[in-house]
$ cat run08.cif   # mmCIF, C-alpha atoms
data_protein
loop_
_atom_site.label_atom_id
_atom_site.label_comp_id
_atom_site.auth_asym_id
_atom_site.auth_seq_id
_atom_site.Cartn_x
_atom_site.Cartn_y
_atom_site.Cartn_z
CA MET A 1 -27.55 3.45 -11.56
CA ARG A 2 -26.49 3.61 -15.17
CA GLY A 3 -22.86 4.07 -14.12
CA GLY A 4 -23.07 0.83 -12.11
CA GLN A 5 -24.52 -0.99 -15.12
CA ASP A 6 -21.75 0.35 -17.37
CA GLU A 7 -19.14 -0.82 -14.86
CA ALA A 8 -20.71 -4.26 -14.68
CA ARG A 9 -20.41 -4.58 -18.45
CA SER A 10 -16.80 -3.36 -18.55
CA PRO A 11 -14.25 -6.08 -19.35
CA VAL A 12 -12.43 -7.70 -16.42
CA LEU A 13 -8.71 -8.45 -16.71
CA GLN A 14 -7.13 -11.18 -14.58
CA PHE A 15 -3.33 -11.24 -14.18
CA THR A 16 -2.29 -14.77 -13.20
CA ASN A 17 0.88 -16.66 -12.22
CA CYS A 18 2.32 -13.71 -10.31
CA ARG A 19 3.35 -12.48 -6.85
CA ILE A 20 1.56 -9.29 -5.80
CA LEU A 21 3.05 -6.74 -3.40
CA ARG A 22 0.19 -6.09 -1.01
CA GLY A 23 0.20 -5.36 2.73
CA ARG A 24 4.02 -5.36 2.88
CA ALA A 25 4.16 -8.95 1.61
CA LEU A 26 4.55 -10.67 -1.75
CA LEU A 27 1.43 -12.81 -2.15
CA ARG A 28 0.81 -15.56 -4.69
CA GLU A 29 -2.51 -14.16 -5.82
CA ASP A 30 -4.06 -12.97 -9.06
CA LEU A 31 -4.61 -9.28 -9.76
CA TRP A 32 -8.05 -8.32 -11.07
CA VAL A 33 -8.62 -5.05 -12.96
CA ARG A 34 -11.71 -3.33 -14.30
CA GLU A 35 -12.07 0.24 -15.63
CA GLY A 36 -8.52 1.11 -14.64
CA ARG A 37 -8.92 0.05 -10.99
CA ILE A 38 -8.04 -2.98 -8.92
CA VAL A 39 -11.12 -4.96 -7.93
CA ASP A 40 -11.98 -7.59 -5.33
CA PRO A 41 -12.50 -10.94 -7.15
CA GLU A 42 -14.79 -12.26 -4.41
CA LYS A 43 -17.23 -9.38 -4.95
CA LEU A 44 -17.02 -9.91 -8.70
CA PHE A 45 -17.85 -13.57 -8.38
CA PHE A 46 -20.32 -13.70 -5.52
CA GLU A 47 -22.14 -10.40 -6.05
CA GLU A 48 -21.98 -10.03 -9.85
CA ARG A 49 -21.40 -13.64 -10.92
CA ARG A 50 -18.56 -12.38 -13.13
CA VAL A 51 -15.42 -14.14 -14.29
CA ALA A 52 -12.49 -12.64 -16.18
CA ASP A 53 -12.97 -11.63 -19.80
CA GLU A 54 -9.24 -11.96 -20.39
CA GLN A 55 -6.39 -13.66 -18.52
CA ARG A 56 -2.74 -12.67 -18.78
CA ASP A 57 -0.04 -15.04 -17.57
CA CYS A 58 2.74 -13.08 -15.84
CA GLY A 59 5.26 -15.93 -15.94
CA GLY A 60 5.90 -15.95 -12.20
CA CYS A 61 6.91 -12.27 -12.11
CA ILE A 62 6.46 -9.76 -9.30
CA LEU A 63 3.65 -7.19 -9.65
CA ALA A 64 4.43 -4.06 -7.62
CA PRO A 65 2.75 -0.65 -7.51
CA GLY A 66 4.11 1.71 -10.16
CA PHE A 67 7.11 3.74 -9.02
CA ILE A 68 6.62 7.40 -8.09
CA ASP A 69 9.54 9.82 -8.50
CA VAL A 70 9.03 13.03 -6.51
CA GLN A 71 12.35 14.60 -7.53
CA ILE A 72 13.39 14.49 -11.17
CA ASN A 73 14.92 17.55 -12.88
CA GLY A 74 14.59 16.27 -16.42
CA GLY A 75 16.17 13.61 -18.57
CA PHE A 76 16.93 12.52 -22.14
CA GLY A 77 18.05 16.05 -23.01
CA VAL A 78 15.01 17.78 -21.46
CA ASP A 79 15.62 20.35 -18.70
CA PHE A 80 12.47 21.26 -16.76
CA SER A 81 14.19 24.45 -15.52
CA GLN A 82 14.69 25.85 -19.02
CA ALA A 83 12.06 28.39 -20.11
CA ALA A 84 11.43 26.78 -23.50
CA GLU A 85 8.55 27.84 -25.72
CA ASP A 86 6.96 24.42 -25.45
CA VAL A 87 7.76 23.05 -21.99
CA GLY A 88 4.89 20.57 -22.30
CA SER A 89 6.50 18.58 -25.11
CA GLY A 90 9.67 18.14 -23.02
CA VAL A 91 7.69 16.96 -20.00
CA ALA A 92 5.80 14.56 -22.29
CA LEU A 93 9.03 13.11 -23.66
CA VAL A 94 10.40 12.42 -20.17
CA ALA A 95 7.01 11.04 -19.07
CA ARG A 96 7.14 8.58 -21.96
CA ARG A 97 10.76 7.52 -21.51
CA ILE A 98 10.56 6.82 -17.76
CA LEU A 99 7.84 4.21 -18.34
CA SER A 100 10.61 1.74 -19.21
CA HIS A 101 12.00 2.25 -15.69
CA GLY A 102 8.69 1.41 -14.00
CA VAL A 103 7.75 5.01 -13.16
CA THR A 104 4.01 5.64 -13.50
CA SER A 105 3.81 9.06 -11.75
CA PHE A 106 6.31 11.85 -11.11
CA CYS A 107 6.87 15.40 -9.90
CA PRO A 108 8.83 17.42 -12.48
CA THR A 109 11.40 19.36 -10.45
CA LEU A 110 12.68 22.88 -11.04
CA VAL A 111 15.97 23.96 -9.47
CA THR A 112 16.71 27.54 -8.37
CA SER A 113 15.81 29.87 -11.23
CA PRO A 114 14.96 33.56 -11.78
CA PRO A 115 11.26 34.51 -11.32
CA GLU A 116 10.64 34.86 -15.06
CA VAL A 117 11.49 31.17 -15.53
CA TYR A 118 8.94 30.07 -12.91
CA HIS A 119 6.31 32.40 -14.39
CA LYS A 120 6.82 30.92 -17.85
CA VAL A 121 7.34 27.24 -16.98
CA LEU A 122 4.91 26.52 -14.14
CA PRO A 123 1.67 27.23 -16.07
CA GLN A 124 2.89 24.79 -18.76
CA ILE A 125 3.16 21.79 -16.39
CA PRO A 126 -0.38 20.96 -15.24
CA VAL A 127 -1.29 17.92 -13.20
CA LYS A 128 -2.05 15.16 -15.69
CA SER A 129 -3.14 11.53 -15.53
CA GLY A 130 -0.82 8.89 -16.91
CA GLY A 131 -1.56 6.59 -19.82
CA PRO A 132 -0.03 5.23 -23.05
CA HIS A 133 1.38 8.74 -23.64
CA GLY A 134 3.49 8.54 -20.47
CA ALA A 135 3.68 8.67 -16.67
CA GLY A 136 1.25 10.91 -14.81
CA VAL A 137 2.27 14.34 -13.52
CA LEU A 138 1.38 14.75 -9.83
CA GLY A 139 2.46 18.38 -9.58
CA VAL A 140 5.74 20.29 -9.70
CA HIS A 141 8.51 20.13 -7.09
CA LEU A 142 10.16 23.54 -6.62
CA GLU A 143 13.65 23.05 -5.18
CA GLY A 144 14.81 26.57 -4.32
CA PRO A 145 15.42 29.48 -4.59
CA PHE A 146 14.72 29.93 -0.83
CA ILE A 147 17.73 27.89 0.27
CA SER A 148 21.11 28.32 2.01
CA ARG A 149 23.99 29.91 0.13
CA GLU A 150 26.40 27.73 2.04
CA LYS A 151 24.61 24.51 1.07
CA ARG A 152 23.37 25.54 -2.38
CA GLY A 153 25.17 22.63 -4.08
CA ALA A 154 24.57 22.89 -7.84
CA HIS A 155 22.06 25.77 -7.47
CA PRO A 156 23.22 29.11 -8.98
CA GLU A 157 24.08 31.57 -6.21
CA ALA A 158 22.96 34.60 -8.24
CA HIS A 159 19.31 33.48 -8.12
CA LEU A 160 19.04 32.47 -4.46
CA ARG A 161 16.49 34.41 -2.41
CA SER A 162 15.54 35.00 1.21
CA PHE A 163 12.05 35.81 2.50
CA GLU A 164 11.24 39.52 2.58
CA ALA A 165 9.01 41.29 5.12
CA ASN A 166 5.80 40.00 3.55
CA ALA A 167 7.16 36.50 3.23
CA PHE A 168 4.37 34.56 1.52
CA HIS A 169 3.66 37.36 -0.94
CA ASP A 170 7.36 37.19 -1.82
CA VAL A 171 6.89 33.47 -2.53
CA LEU A 172 3.95 34.22 -4.84
CA ALA A 173 5.86 37.02 -6.55
CA THR A 174 8.75 34.63 -7.18
CA TYR A 175 6.82 31.58 -8.37
CA GLY A 176 3.54 33.02 -9.63
CA PRO A 177 0.34 30.98 -9.09
CA LEU A 178 0.90 27.76 -7.12
CA ASP A 179 -1.92 25.74 -8.73
CA ASN A 180 0.46 23.22 -10.34
CA VAL A 181 2.87 22.98 -7.37
CA ARG A 182 3.00 19.87 -5.15
CA ILE A 183 6.31 20.21 -3.22
CA VAL A 184 8.50 23.16 -2.20
CA THR A 185 12.02 22.61 -0.84
CA LEU A 186 13.28 25.42 1.40
CA ALA A 187 15.84 26.06 4.15
CA PRO A 188 14.04 26.36 7.51
CA GLU A 189 16.71 28.58 9.08
CA LEU A 190 15.80 31.47 6.77
CA GLY A 191 13.99 34.31 8.52
CA ARG A 192 10.16 34.15 8.28
CA SER A 193 10.30 30.57 6.99
CA ARG A 194 7.79 29.38 9.58
CA GLU A 195 4.98 31.57 8.28
CA VAL A 196 5.78 30.42 4.73
CA ILE A 197 5.70 26.76 5.79
CA ARG A 198 2.32 27.27 7.46
CA ALA A 199 0.90 29.06 4.40
CA LEU A 200 2.14 26.39 1.97
CA ALA A 201 0.91 23.52 4.15
CA ALA A 202 -2.49 25.20 4.46
CA ARG A 203 -2.72 25.07 0.65
CA GLY A 204 -1.99 21.35 0.61
CA ILE A 205 1.57 21.81 -0.66
CA CYS A 206 4.19 19.46 0.79
CA VAL A 207 7.04 21.42 2.41
CA SER A 208 10.46 19.78 2.29
CA LEU A 209 13.59 20.80 4.20
CA GLY A 210 16.82 20.86 2.24
CA HIS A 211 19.88 22.76 1.01
CA SER A 212 20.14 23.99 4.56
CA VAL A 213 22.44 24.65 7.52
CA ALA A 214 19.55 24.25 10.00
CA ASP A 215 20.20 22.76 13.42
CA LEU A 216 17.86 20.14 14.84
CA GLN A 217 15.74 22.65 16.75
CA ALA A 218 15.05 24.72 13.63
CA ALA A 219 14.19 21.53 11.74
CA GLU A 220 11.82 20.36 14.48
CA GLU A 221 10.09 23.76 14.55
CA ALA A 222 9.64 23.53 10.78
CA VAL A 223 7.96 20.13 11.16
CA GLN A 224 5.74 21.54 13.91
CA CYS A 225 4.69 24.23 11.39
CA GLY A 226 3.79 21.63 8.77
CA ALA A 227 6.93 20.42 6.96
CA THR A 228 6.77 16.68 6.20
CA PHE A 229 9.75 15.84 3.96
CA ILE A 230 13.54 16.08 3.79
CA THR A 231 15.13 16.64 0.39
CA HIS A 232 17.91 14.13 -0.45
CA LEU A 233 18.96 13.26 3.11
CA PHE A 234 22.68 13.80 3.95
CA ASN A 235 23.25 15.81 0.76
CA ALA A 236 23.38 19.64 0.98
CA MET A 237 22.87 19.83 4.75
CA LEU A 238 25.04 19.93 7.86
CA PRO A 239 26.73 16.59 8.54
CA PHE A 240 25.48 14.55 11.47
CA HIS A 241 27.09 15.62 14.78
CA HIS A 242 26.40 13.88 18.08
CA ARG A 243 25.68 17.17 19.94
CA ASP A 244 23.44 18.57 17.22
CA PRO A 245 22.48 16.10 14.49
CA GLY A 246 20.85 18.82 12.37
CA ILE A 247 18.11 17.88 9.90
CA VAL A 248 19.29 14.26 9.96
CA GLY A 249 18.17 14.11 13.61
CA LEU A 250 14.52 14.35 12.52
CA LEU A 251 14.62 10.62 11.73
CA THR A 252 14.66 9.81 15.46
CA SER A 253 13.39 13.06 16.99
CA ASP A 254 10.92 12.84 19.89
CA ARG A 255 9.74 16.42 19.38
CA LEU A 256 7.53 15.87 16.34
CA PRO A 257 3.77 16.50 16.64
CA PRO A 258 1.78 13.42 17.71
CA GLY A 259 0.98 11.26 14.73
CA ARG A 260 3.28 13.26 12.43
CA HIS A 261 5.40 11.08 10.18
CA ILE A 262 8.57 12.51 8.62
CA PHE A 263 9.58 11.26 5.18
CA TYR A 264 13.01 11.69 3.62
CA GLY A 265 14.34 11.37 0.09
CA MET A 266 17.36 9.20 -0.66
CA ILE A 267 19.38 9.16 -3.88
CA ALA A 268 20.48 5.52 -4.00
CA ASP A 269 22.60 5.85 -7.14
CA GLY A 270 25.87 4.56 -5.65
CA THR A 271 27.39 8.07 -5.82
CA HIS A 272 25.40 10.51 -3.69
CA THR A 273 25.13 8.35 -0.59
CA ASN A 274 27.63 5.83 0.78
CA PRO A 275 26.05 2.39 1.37
CA ALA A 276 26.80 2.69 5.10
CA ALA A 277 24.84 5.98 5.24
CA LEU A 278 21.97 4.33 3.34
CA ARG A 279 21.93 1.55 5.92
CA ILE A 280 21.99 3.99 8.86
CA ALA A 281 18.99 5.93 7.51
CA HIS A 282 17.07 2.80 6.59
CA ARG A 283 17.58 1.16 9.99
CA ALA A 284 16.74 4.36 11.87
CA HIS A 285 13.46 5.04 10.07
CA PRO A 286 12.58 2.52 7.33
CA GLN A 287 8.94 3.59 6.89
CA GLY A 288 9.90 7.18 6.00
CA LEU A 289 12.42 6.37 3.28
CA VAL A 290 11.45 7.64 -0.19
CA LEU A 291 13.70 6.73 -3.11
CA VAL A 292 14.22 9.62 -5.55
CA THR A 293 16.36 9.79 -8.66
CA ASP A 294 17.18 13.53 -8.61
CA ALA A 295 17.83 12.80 -12.28
CA VAL A 296 19.24 15.61 -14.43
CA PRO A 297 18.68 16.28 -18.16
CA ALA A 298 21.76 14.16 -18.89
CA LEU A 299 19.88 11.01 -17.81
CA GLY A 300 20.09 8.58 -20.70
CA LEU A 301 22.57 10.66 -22.75
CA GLY A 302 26.06 9.51 -21.69
CA ASN A 303 29.26 11.48 -21.13
CA GLY A 304 29.60 15.14 -22.11
CA ARG A 305 28.30 18.62 -21.24
CA HIS A 306 24.63 19.20 -20.56
CA THR A 307 22.49 21.77 -18.70
CA LEU A 308 20.69 21.92 -15.37
CA GLY A 309 18.72 25.14 -15.12
CA GLN A 310 21.16 28.04 -15.29
CA GLN A 311 24.27 25.82 -14.91
CA GLU A 312 26.38 23.61 -17.15
CA VAL A 313 26.78 20.02 -16.03
CA GLU A 314 29.54 17.60 -16.99
CA VAL A 315 28.83 13.86 -16.98
CA ASP A 316 31.75 11.52 -16.42
CA GLY A 317 30.79 7.86 -16.24
CA LEU A 318 28.12 7.47 -13.56
CA THR A 319 28.57 10.94 -12.06
CA ALA A 320 27.29 14.42 -12.95
CA TYR A 321 29.22 17.51 -11.76
CA VAL A 322 28.76 21.26 -12.10
CA ALA A 323 31.11 21.87 -15.06
CA GLY A 324 34.66 22.68 -13.98
CA THR A 325 34.08 21.59 -10.35
CA LYS A 326 33.68 18.45 -8.27
CA THR A 327 30.25 19.55 -6.99
CA LEU A 328 27.70 16.81 -7.58
CA SER A 329 24.83 17.93 -9.77
CA GLY A 330 21.96 15.50 -9.57
CA SER A 331 22.01 11.90 -10.69
CA ILE A 332 21.93 9.99 -13.95
CA ALA A 333 20.50 6.78 -12.47
CA PRO A 334 16.87 5.90 -13.32
CA MET A 335 14.46 4.70 -10.62
CA ASP A 336 14.73 0.95 -11.25
CA VAL A 337 18.51 1.18 -10.89
CA CYS A 338 18.07 3.05 -7.58
CA VAL A 339 15.69 0.35 -6.30
CA ARG A 340 18.16 -2.42 -7.13
CA HIS A 341 21.11 -0.54 -5.61
CA PHE A 342 19.13 0.26 -2.47
CA LEU A 343 18.17 -3.40 -2.06
CA GLN A 344 21.77 -4.55 -2.50
CA ALA A 345 23.30 -1.84 -0.30
CA THR A 346 20.94 -2.17 2.65
CA GLY A 347 20.12 -5.87 2.58
CA CYS A 348 16.48 -4.91 3.18
CA SER A 349 13.59 -7.03 1.97
CA VAL A 350 12.43 -6.87 -1.64
CA GLU A 351 9.08 -5.68 -0.31
CA LEU A 352 10.57 -2.68 1.50
CA ALA A 353 12.78 -1.73 -1.45
CA LEU A 354 9.73 -1.66 -3.72
CA GLU A 355 7.59 0.25 -1.21
CA ALA A 356 10.32 2.91 -0.87
CA ALA A 357 9.70 3.75 -4.54
CA SER A 358 5.91 3.42 -4.49
CA LEU A 359 3.93 3.35 -1.23
CA HIS A 360 6.13 5.79 0.69
CA PRO A 361 6.08 8.60 -1.91
CA ALA A 362 2.32 8.07 -2.26
CA GLN A 363 1.92 8.42 1.52
CA LEU A 364 4.08 11.56 1.48
CA LEU A 365 1.69 13.15 -1.04
CA GLY A 366 -1.45 11.81 0.65
CA LEU A 367 -2.28 9.58 -2.34
CA GLU A 368 -1.95 6.17 -0.68
CA LYS A 369 -5.58 5.22 -1.31
CA ARG A 370 -5.09 5.52 -5.09
CA LYS A 371 -1.36 5.26 -5.81
CA GLY A 372 1.55 3.24 -4.45
CA THR A 373 -0.70 0.30 -3.53
CA LEU A 374 -2.39 -2.69 -5.13
CA ASP A 375 -5.27 -2.69 -2.64
CA PHE A 376 -8.83 -3.01 -3.94
CA GLY A 377 -10.12 0.28 -5.31
CA ALA A 378 -6.67 1.69 -6.13
CA ASP A 379 -5.59 2.80 -9.60
CA ALA A 380 -4.22 -0.16 -11.55
CA ASP A 381 -0.78 1.45 -11.99
CA PHE A 382 1.78 -1.31 -11.61
CA VAL A 383 5.12 -2.62 -12.78
CA VAL A 384 5.98 -6.20 -13.73
CA LEU A 385 9.43 -7.21 -12.49
CA ASP A 386 11.61 -10.30 -12.69
CA ASP A 387 13.32 -11.72 -9.61
CA SER A 388 16.32 -9.41 -10.06
CA LEU A 389 13.90 -6.43 -10.16
CA HIS A 390 14.42 -5.60 -13.81
CA VAL A 391 11.33 -4.08 -15.41
CA ARG A 392 9.46 -6.39 -17.80
CA ALA A 393 6.36 -4.28 -18.33
CA THR A 394 4.59 -1.18 -17.03
CA TYR A 395 0.82 -0.69 -16.72
CA ILE A 396 -1.18 2.48 -16.06
CA SER A 397 -4.91 2.19 -15.28
CA GLY A 398 -4.68 -1.48 -16.23
CA GLU A 399 -3.36 -0.68 -19.71
CA LEU A 400 0.00 -1.93 -20.96
CA VAL A 401 2.09 1.21 -21.63
CA TRP A 402 5.57 -0.30 -21.96
CA GLN A 403 7.01 -3.77 -22.44
CA ALA A 404 10.57 -5.09 -22.65
CA GLU A 405 11.61 -6.46 -26.04
CA GLU A 406 12.16 -9.99 -24.67
CA ALA A 407 8.70 -9.97 -23.07
CA ARG A 408 7.10 -9.37 -26.47
CA GLN A 409 8.44 -12.62 -27.91
#

$ encode --input "run08.cif" --output "structure tokens"
Amino acid sequence: MRGGQDEARSPVLQFTNCRILRGRALLREDLWVREGRIVDPEKLFFEERRVADEQRDCGGCILAPGFIDVQINGGFGVDFSQAAEDVGSGVALVARRILSHGVTSFCPTLVTSPPEVYHKVLPQIPVKSGGPHGAGVLGVHLEGPFISREKRGAHPEAHLRSFEANAFHDVLATYGPLDNVRIVTLAPELGRSREVIRALAARGICVSLGHSVADLQAAEEAVQCGATFITHLFNAMLPFHHRDPGIVGLLTSDRLPPGRHIFYGMIADGTHTNPAALRIAHRAHPQGLVLVTDAVPALGLGNGRHTLGQQEVEVDGLTAYVAGTKTLSGSIAPMDVCVRHFLQATGCSVELALEAASLHPAQLLGLEKRKGTLDFGADADFVVLDDSLHVRATYISGELVWQAEEARQ
């Protein structure tokens, strides 16, 4: 009872003069927030006889759920795959800097590394709520080392692994405890992968298919075992072929379990995926599209040599390569840039472009009641955008955590 009384006394914030993304539509409504959550104004007024304690005029801007990046390798000089003494401070720096790009939650991503790196790094990246200190950590995304040599991309061949006889124990021996892990990317054609997928899914870990030469049948069997995601569609997998479309064929497969929804990551940075390929994927399966940055430590640093795990990366303009090669090595485009490019390249609605960076990743992780939505009862994590989808301000739990210089005037 006391908790209810405390809540009733908590200040109510009303965001006015805005368009809210809710129910796949931009609505001219106010957003009401109390104790870090979105509340129903009718209940406030009719049941509690409350009005807002403070009103904030949003100047006609769009209010969308905060962006969620489920694949980000680092940024601003921080490499999540480096076994530093204080990994936490690096994660905190990235968490703080991505607020300016509208990201309110993320999954720090580790590329293929030796076991000692996982054992040292993973315990230092706990799940953590967001706030003024930075975006929230939803859990780690482990991309590799159980992937295809042929489609390893920028992953170091020396550290790739296959599943041994006692497959899941091999996974635990490689990674260590999985308490902080949210997503694992693996190649489904590897022997014993199905038992690993089942074991990971049973622990609530999202299994993603990627860096793979799997045919469609192997991909469908992986989904039947519990896989729900595809890592950066089109990249590091067999190209689409009309007789066997490979992993790409999952977007229109009729052999998925009833009610099972496949999601797929897209790097819409203008480099990794041709606009025509973006349009094909979007039109084939719009509700499964999840925008990811796949950002590397060079994000925000400009041209030059940087690291990604055990590799050196060279940045030239808008592209990152494994040093000395023309192999793409992640992206240097932040999430808001990806949203704008995706909108322009596909001609989709503003609503769908925003949901691809918010609602869809939340649904992938089973968080759609709290994150990726502005429905009543959800966390008040949202981004304020102008009509060209540039970020004006970012809020976490109803608290202003970043604001553009011009918006402060």

$ residues_around --input "run08.cif" --residues "Gly300 of chain A" --least-positions-apart "3" --cutoff "12 Å" --atoms "only C-alpha atoms" --output "ChimeraX atom specification"
/A:74-78,94,97-98,100-101,295-297,303-304,306,315,317-318,331-334

$ resolve_selection --input "run08.cif" --expression "the PyMOL selection byres ((chain A and resi 146) around 7)" --output "list in words"
Gly144, Pro145, Ile147, Leu160, Arg161, Ser162, Leu186 and Ala187 of chain A

$ residues_around --input "run08.cif" --residues "Ile62 of chain A" --least-positions-apart "5" --cutoff "6 Å" --atoms "all atoms listed in the file" --output "list in words"
Cys18, Arg19, Val384 and Leu385 of chain A

$ closest_residue --input "run08.cif" --among "A:Ala95, A:Leu190, A:Leu31, A:Leu233" --to "Gly377 of chain A" --atoms "all atoms listed in the file"
A:Leu31

$ atom_distance --input "run08.cif" --atom1 "atom CA of Gly153 of chain A" --atom2 "atom CA of Ser212 of chain A"
10.1 Å

$ atom_distance --input "run08.cif" --atom1 "atom CA of Ala154 of chain A" --atom2 "atom CA of Glu195 of chain A"
26.8 Å

$ resolve_selection --input "run08.cif" --expression "the PyMOL selection byres ((chain A and resi 73) around 12)" --output "number ranges by chain"
A: 69-72, 74-82, 90-91, 94-95, 106-112, 140-143, 292-299, 307-309, 329-332, 334

$ write_last_selection --input "run08.cif" --atoms "C-alpha atoms" --output "short mmCIF file (atom, residue, chain, number, x, y, z; two decimals), in the frame of the given file"
data_model
loop_
_atom_site.label_atom_id
_atom_site.label_comp_id
_atom_site.auth_asym_id
_atom_site.auth_seq_id
_atom_site.Cartn_x
_atom_site.Cartn_y
_atom_site.Cartn_z
CA ASP A 69 9.54 9.82 -8.50
CA VAL A 70 9.03 13.03 -6.51
CA GLN A 71 12.35 14.60 -7.53
CA ILE A 72 13.39 14.49 -11.17
CA GLY A 74 14.59 16.27 -16.42
CA GLY A 75 16.17 13.61 -18.57
CA PHE A 76 16.93 12.52 -22.14
CA GLY A 77 18.05 16.05 -23.01
CA VAL A 78 15.01 17.78 -21.46
CA ASP A 79 15.62 20.35 -18.70
CA PHE A 80 12.47 21.26 -16.76
CA SER A 81 14.19 24.45 -15.52
CA GLN A 82 14.69 25.85 -19.02
CA GLY A 90 9.67 18.14 -23.02
CA VAL A 91 7.69 16.96 -20.00
CA VAL A 94 10.40 12.42 -20.17
CA ALA A 95 7.01 11.04 -19.07
CA PHE A 106 6.31 11.85 -11.11
CA CYS A 107 6.87 15.40 -9.90
CA PRO A 108 8.83 17.42 -12.48
CA THR A 109 11.40 19.36 -10.45
CA LEU A 110 12.68 22.88 -11.04
CA VAL A 111 15.97 23.96 -9.47
CA THR A 112 16.71 27.54 -8.37
CA VAL A 140 5.74 20.29 -9.70
CA HIS A 141 8.51 20.13 -7.09
CA LEU A 142 10.16 23.54 -6.62
CA GLU A 143 13.65 23.05 -5.18
CA VAL A 292 14.22 9.62 -5.55
CA THR A 293 16.36 9.79 -8.66
CA ASP A 294 17.18 13.53 -8.61
CA ALA A 295 17.83 12.80 -12.28
CA VAL A 296 19.24 15.61 -14.43
CA PRO A 297 18.68 16.28 -18.16
CA ALA A 298 21.76 14.16 -18.89
CA LEU A 299 19.88 11.01 -17.81
CA THR A 307 22.49 21.77 -18.70
CA LEU A 308 20.69 21.92 -15.37
CA GLY A 309 18.72 25.14 -15.12
CA SER A 329 24.83 17.93 -9.77
CA GLY A 330 21.96 15.50 -9.57
CA SER A 331 22.01 11.90 -10.69
CA ILE A 332 21.93 9.99 -13.95
CA PRO A 334 16.87 5.90 -13.32
#

$ atom_distance --input "run08.cif" --atom1 "atom CA of Val339 of chain A" --atom2 "atom CA of Gly66 of chain A"
12.3 Å

$ residues_around --input "run08.cif" --residues "segment 241-246 of chain A" --least-positions-apart "5" --cutoff "12 Å" --atoms "all atoms listed in the file" --output "PyMOL selection string"
chain A and resi 188-189+209-210+212-220+230+233-234+236+251-253

$ residues_around --input "run08.cif" --residues "Gln363 of chain A" --least-positions-apart "4" --cutoff "10 Å" --atoms "only C-alpha atoms" --output "PyMOL selection string"
chain A and resi 261+263+288+290+358-359+367-369+371-373

$ closest_residue --input "run08.cif" --among "A:His159, A:Lys326, A:His169, A:Arg9" --to "Gln310 of chain A" --atoms "all atoms listed in the file"
A:His159

$ closest_residue --input "run08.cif" --among "A:Met237, A:Ala378, A:Ile125, A:Leu389" --to "Asp40 of chain A" --atoms "only C-alpha atoms"
A:Ala378

$ closest_residue --input "run08.cif" --among "A:Arg340, A:Arg370, A:His285, A:His133" --to "His390 of chain A" --atoms "only C-alpha atoms"
A:Arg340

$ closest_residue --input "run08.cif" --among "A:Pro126, A:Pro114, A:Gly204, A:Gly134" --to "Tyr175 of chain A" --atoms "all atoms listed in the file"
A:Pro114

$ closest_residue --input "run08.cif" --among "A:Asp254, A:Glu355, A:Glu35, A:Asp336" --to "Pro286 of chain A" --atoms "only C-alpha atoms"
A:Glu355

$ axis_aligned_box --input "run08.cif" --around "segment 194-204 of chain A" --padding-each-side "4 Å" --output "lines of an AutoDock Vina configuration file"
center_x = 2.5
center_y = 26.5
center_z = 5.1
size_x = 18.5
size_y = 18.2
size_z = 17.0

$ resolve_selection --input "run08.cif" --expression "the PyMOL selection byres ((chain A and resi 341-353) around 8)" --output "number ranges by chain"
A: 21, 24-26, 268-270, 275-276, 278-279, 282, 337-340, 354-357

$ write_last_selection --input "run08.cif" --atoms "C-alpha atoms" --output "PDB file, keeping the file's coordinate frame"
ATOM      1  CA  LEU A  21       3.050  -6.740  -3.400  1.00  0.00           C
ATOM      2  CA  ARG A  24       4.020  -5.360   2.880  1.00  0.00           C
ATOM      3  CA  ALA A  25       4.160  -8.950   1.610  1.00  0.00           C
ATOM      4  CA  LEU A  26       4.550 -10.670  -1.750  1.00  0.00           C
ATOM      5  CA  ALA A 268      20.480   5.520  -4.000  1.00  0.00           C
ATOM      6  CA  ASP A 269      22.600   5.850  -7.140  1.00  0.00           C
ATOM      7  CA  GLY A 270      25.870   4.560  -5.650  1.00  0.00           C
ATOM      8  CA  PRO A 275      26.050   2.390   1.370  1.00  0.00           C
ATOM      9  CA  ALA A 276      26.800   2.690   5.100  1.00  0.00           C
ATOM     10  CA  LEU A 278      21.970   4.330   3.340  1.00  0.00           C
ATOM     11  CA  ARG A 279      21.930   1.550   5.920  1.00  0.00           C
ATOM     12  CA  HIS A 282      17.070   2.800   6.590  1.00  0.00           C
ATOM     13  CA  VAL A 337      18.510   1.180 -10.890  1.00  0.00           C
ATOM     14  CA  CYS A 338      18.070   3.050  -7.580  1.00  0.00           C
ATOM     15  CA  VAL A 339      15.690   0.350  -6.300  1.00  0.00           C
ATOM     16  CA  ARG A 340      18.160  -2.420  -7.130  1.00  0.00           C
ATOM     17  CA  LEU A 354       9.730  -1.660  -3.720  1.00  0.00           C
ATOM     18  CA  GLU A 355       7.590   0.250  -1.210  1.00  0.00           C
ATOM     19  CA  ALA A 356      10.320   2.910  -0.870  1.00  0.00           C
ATOM     20  CA  ALA A 357       9.700   3.750  -4.540  1.00  0.00           C
TER      21      ALA A 357
END

$ residues_around --input "run08.cif" --residues "Val196 of chain A" --least-positions-apart "2" --cutoff "9 Å" --atoms "all atoms listed in the file" --output "list in words"
Phe163, Ala167, Phe168, Val171, Arg192, Ser193, Arg194, Arg198, Ala199, Leu200 and Ala201 of chain A
